[in-house]
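Undergrad: I'd like to ask you about the structure that follows.
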Amino acid sequence: MNAFALEILRTSGEHVVLVATAVVAAFVIGAPAAITLTLHARTRRWVLGLVNVIQTIPSLALFGVLLPIPLIGGIGKRTAIIVLALYALLPIMRNMVVGILGVEAGIRESALAMGMTRQQILWRVEIPLALPTILAGLRIAIVSTIGTATVAAAIGGGGLGTFIFRGIATADLTTVLAGAVPAAVMAIIADEVLEWAERRYSV
Amino acid sequence: MSAFVEFERVTYQVDGRDVLRGIELSLDRNETLVLLGRSGSGKTTLLKMINRLLRPSSGEVRFEDRSVAEWDPIRLRRRIGYVIQDGGLFPHIPVARNVGLVPELEGWPQEKIRARVDELLDAVGLEPEIYAKRYPGQLSGGEKQRVGIARALAADPPLLLLDEPFAALDPVTRYDMQQHFLKLSKVFDKAALFVTHDLREALLLGSRIALLHEGRVEWIGPRDEFQRAASPHARTFLRTLELERAH
């Protein structure tokens, strides 16, 4: 294998790590937050609104804004992961909230009437029934993060964007494609696998 | 005096509207009391006060000589079987797990749960071998109600609350279920509060009938006396029966 192919492979690996870390972080923060939000209607509107606003900021701008901020900002992977996680937050949280609140009232009431505790209703009824919707949110988060992560190279975050930016700078199409094609393939594979999982857990 | 379930001057308001007014009611062990009334008469609300899905605005509801407000709601609800119109079955788990859910929550050993589930499916007329593994989505309306009743009976609660359990069924299935319910209530020896808007069903299943109108108990008594009830709304209900006969 030549050096170029090896570099594509290494950079793809970097890209996967970037995406995985960001999505896992977004899920670890977003999922418990979403569950809490299902219980508080007013807070829910505010928090989801805020998360929604983050989503409307162009990613390149958000990277730029975070650069001068100490601790969470600066050049490198950490800033990239934080930005990507912020973007992944919306689909994860919104789908979780919608999925849980969408459980039929009659089902929730009979769970309550059978003497299930709040925790039991959440884990045994609401989350299993919301699972397809939650997985759909995760799918959107992963697929879009794979795309957005290419921008991370602009602030030294590494990943497949490195090729794209280098290719643009040197007006070399092959180098651009070396970044774009693996990213696209990655997105398609992730999409297919998660769609299968979604179907698998539908009632 | 101690009754099994007792309502004392119970009222319930929502947004300034009186849903229940001055309810006095008692239920003995092993009797089936039918709450008869038109939609909006407050019968479902009354039912939900017993397992504390709703709390009275004033007055007191007692179950087994203790105010419902003092019961631990989880313990209370596990002693009361609840059946609703569309069954309220959990669509993501098979019939056997639906039926065995309360025993499972109560920590029964697996073997005992399985035996109990088989026994109950048999009792409601569903072959365990065929139905245990099915999902609620694969059942007909009547089968869902049967599973709903089996589930309510699972942990052997002394009281059943049934909220128009047969209202959405076709007439033949409904008749079948009513006959089945009569048999079951003899076999399992439970107290039951049965909500319906159908006088025929009330006369068939109730040992006593309470007629609710605009949040009040307008008439209460043994079912044989309902025909002679003087209250105007009882007459209205009886007229529907006469009309059916006339045709």
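Chain labels run A, B, ... following the order of the structure tokens; each chain numbers its residues from 1, and ligands are numbered from 1 in the order shown.
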Could you make a table, as a Markdown table, of the residues of chain B that have an atom within 6 Å of an atom of chain A, each with its nearest atom pair and distance in Å to one decimal, counting only C-alpha atoms, in chain and number order?
TA:
| residue | atom | partner | partner_atom | distance |
| --- | --- | --- | --- | --- |
| B:Ile74 | CA | A:Gly115 | CA | 4.5 |
| B:Arg77 | CA | A:Gly115 | CA | 4.7 |
| B:Arg78 | CA | A:Gly115 | CA | 5.1 |
| B:Gly88 | CA | A:Ile107 | CA | 4.9 |
| B:His92 | CA | A:Val203 | CA | 5.8 |
Undergrad: Keeping only N, CA and C atoms, write those residues as a CSV table (one decimal), in the first residue's frame.
TA:
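File produced: out19.csv:
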chain,number,residue,atom,x,y,z
B,74,ILE,N,-48.0,3.0,45.4
B,74,ILE,CA,-47.5,1.8,44.7
B,74,ILE,C,-48.2,0.6,45.3
B,77,ARG,N,-51.9,0.5,44.4
B,77,ARG,CA,-52.3,0.2,43.1
B,77,ARG,C,-52.0,-1.3,42.8
B,78,ARG,N,-51.0,-1.9,43.4
B,78,ARG,CA,-50.8,-3.3,43.2
B,78,ARG,C,-51.8,-4.2,43.8
B,88,GLY,N,-55.0,-1.0,27.3
B,88,GLY,CA,-53.8,-0.4,27.8
B,88,GLY,C,-52.7,-1.4,27.9
B,92,HIS,N,-44.9,-3.5,23.4
B,92,HIS,CA,-43.5,-4.0,23.1
B,92,HIS,C,-43.2,-5.3,23.8
Undergrad: Measuring between only C-alpha atoms, which one of B:Asp72, B:Glu8, B:Asp170, B:Glu242 shows the shortest distance to Gly142 of chain B?
TA: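 Closest to Gly142 of chain B of all the choices is B:Asp170.
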Undergrad: Name the residues in contact with Leu25 of chain B at a cut-off of 12 Å, using only C-alpha atoms, excluding same-chain residues fewer than 4 positions from it; report them as a VMD selection string.
TA: chain B and resid 3 to 10 21 33 to 35 46 to 47 50 59 to 63 193 208 to 212 216 to 221
Undergrad: With N, CA and C atoms retained, export the selected residues as a short mmCIF file (atom, residue, chain, number, x, y, z; two decimals), in the first residue's frame.
TA:
data_model
loop_
_atom_site.label_atom_id
_atom_site.label_comp_id
_atom_site.auth_asym_id
_atom_site.auth_seq_id
_atom_site.Cartn_x
_atom_site.Cartn_y
_atom_site.Cartn_z
N ALA B 3 -66.53 -0.57 55.48
CA ALA B 3 -66.74 -1.15 54.16
C ALA B 3 -65.38 -1.36 53.52
N PHE B 4 -65.40 -2.05 52.42
CA PHE B 4 -64.17 -2.38 51.71
C PHE B 4 -63.64 -1.12 51.00
N VAL B 5 -64.55 -0.49 50.25
CA VAL B 5 -64.23 0.80 49.63
C VAL B 5 -65.31 1.77 50.06
N GLU B 6 -64.91 2.95 50.43
CA GLU B 6 -65.89 3.91 50.92
C GLU B 6 -65.58 5.32 50.44
N PHE B 7 -66.61 6.00 49.97
CA PHE B 7 -66.49 7.42 49.60
C PHE B 7 -67.25 8.24 50.62
N GLU B 8 -66.60 9.26 51.15
CA GLU B 8 -67.27 10.11 52.13
C GLU B 8 -67.23 11.57 51.66
N ARG B 9 -68.39 12.09 51.32
CA ARG B 9 -68.54 13.48 50.87
C ARG B 9 -67.44 13.89 49.89
N VAL B 10 -67.22 13.08 48.89
CA VAL B 10 -66.13 13.35 47.95
C VAL B 10 -66.58 14.33 46.86
N ARG B 21 -69.83 15.71 43.02
CA ARG B 21 -70.35 16.51 44.14
C ARG B 21 -70.91 15.59 45.21
N LEU B 33 -70.38 -3.65 41.96
CA LEU B 33 -71.19 -2.45 41.88
C LEU B 33 -70.97 -1.82 40.52
N VAL B 34 -72.05 -1.61 39.80
CA VAL B 34 -71.93 -0.98 38.49
C VAL B 34 -72.19 0.51 38.62
N LEU B 35 -71.29 1.31 38.09
CA LEU B 35 -71.52 2.74 38.01
C LEU B 35 -72.07 3.04 36.64
N LEU B 46 -64.59 9.05 39.27
CA LEU B 46 -64.83 8.38 40.54
C LEU B 46 -63.94 7.15 40.69
N LEU B 47 -63.83 6.40 39.61
CA LEU B 47 -63.01 5.18 39.61
C LEU B 47 -61.54 5.51 39.91
N ILE B 50 -60.03 5.88 43.44
CA ILE B 50 -59.77 4.72 44.29
C ILE B 50 -58.31 4.28 44.18
N GLY B 59 -63.27 15.77 50.91
CA GLY B 59 -63.83 14.47 51.25
C GLY B 59 -62.75 13.40 51.29
N GLU B 60 -63.18 12.17 51.51
CA GLU B 60 -62.20 11.11 51.70
C GLU B 60 -62.63 9.82 51.01
N VAL B 61 -61.64 9.13 50.42
CA VAL B 61 -61.89 7.81 49.86
C VAL B 61 -61.10 6.82 50.71
N ARG B 62 -61.77 5.75 51.14
CA ARG B 62 -61.06 4.75 51.95
C ARG B 62 -61.05 3.40 51.24
N PHE B 63 -59.92 2.72 51.37
CA PHE B 63 -59.79 1.37 50.83
C PHE B 63 -59.25 0.49 51.95
N LEU B 193 -65.73 -2.75 40.77
CA LEU B 193 -66.46 -1.55 40.39
C LEU B 193 -66.40 -1.49 38.89
N ARG B 208 -75.30 -4.55 42.53
CA ARG B 208 -75.98 -3.27 42.78
C ARG B 208 -75.63 -2.31 41.65
N ILE B 209 -76.46 -1.30 41.50
CA ILE B 209 -76.24 -0.29 40.48
C ILE B 209 -76.25 1.09 41.13
N ALA B 210 -75.27 1.91 40.76
CA ALA B 210 -75.30 3.31 41.19
C ALA B 210 -75.43 4.16 39.93
N LEU B 211 -76.44 5.00 39.90
CA LEU B 211 -76.65 5.83 38.72
C LEU B 211 -76.04 7.20 38.97
N LEU B 212 -75.11 7.57 38.13
CA LEU B 212 -74.45 8.87 38.28
C LEU B 212 -75.01 9.86 37.27
N ARG B 216 -73.30 13.47 40.62
CA ARG B 216 -74.00 13.03 41.84
C ARG B 216 -74.47 11.60 41.68
N VAL B 217 -74.55 10.88 42.81
CA VAL B 217 -75.18 9.58 42.77
C VAL B 217 -76.68 9.83 42.84
N GLU B 218 -77.37 9.60 41.74
CA GLU B 218 -78.78 9.94 41.73
C GLU B 218 -79.64 8.83 42.28
N TRP B 219 -79.17 7.63 42.07
CA TRP B 219 -79.91 6.47 42.58
C TRP B 219 -78.92 5.36 42.85
N ILE B 220 -79.14 4.63 43.95
CA ILE B 220 -78.29 3.46 44.19
C ILE B 220 -79.14 2.38 44.83
N GLY B 221 -78.94 1.16 44.40
CA GLY B 221 -79.73 0.07 44.98
C GLY B 221 -79.45 -1.23 44.28
#
Undergrad: Just the residues within 12 Å of Arg199 of chain A, please, counting only C-alpha atoms, with nothing from its chain fewer than 4 positions along; format it as a list in words.
TA: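 Near Arg199 of chain A, the qualifying residues are Leu131, Pro132, Thr133, Ile134, Leu135, Ala136, Glu192, Val193, Leu194, Glu195 and Val203 of chain A.
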Undergrad: Give me, as a VMD selection string, all polymer residues having an atom no more than 8 Å from segment 13-25 of chain A, counting only C-alpha atoms and skipping those fewer than 2 positions away in the same chain.
TA: chain A and resid 9 to 11 27 to 29 77 80 to 82 84 to 85 88 141 to 142 145 to 146 149 to 150 158 to 160
Undergrad: Between atom CA of Leu86 of chain A and atom CA of Thr36 of chain A, what is the distance in Å, rounded to a tenth?
TA: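 These two atoms are separated by 18.3 Å.
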Undergrad: Hey, what does DSSP flag as helix (DSSP H, G or I) within segment 20-189 of chain B? Can you give it to me as a PyMOL selection string?
TA: chain B and resi 43-50+68-70+73-78+95-99+101-105+110-123+128-131+136-138+141-153+171-188
Undergrad: What is the distance, in Å and to one decimal place, between atom CA of Gln145 of chain B and atom CA of Phe237 of chain B?
TA: 25.9 Å
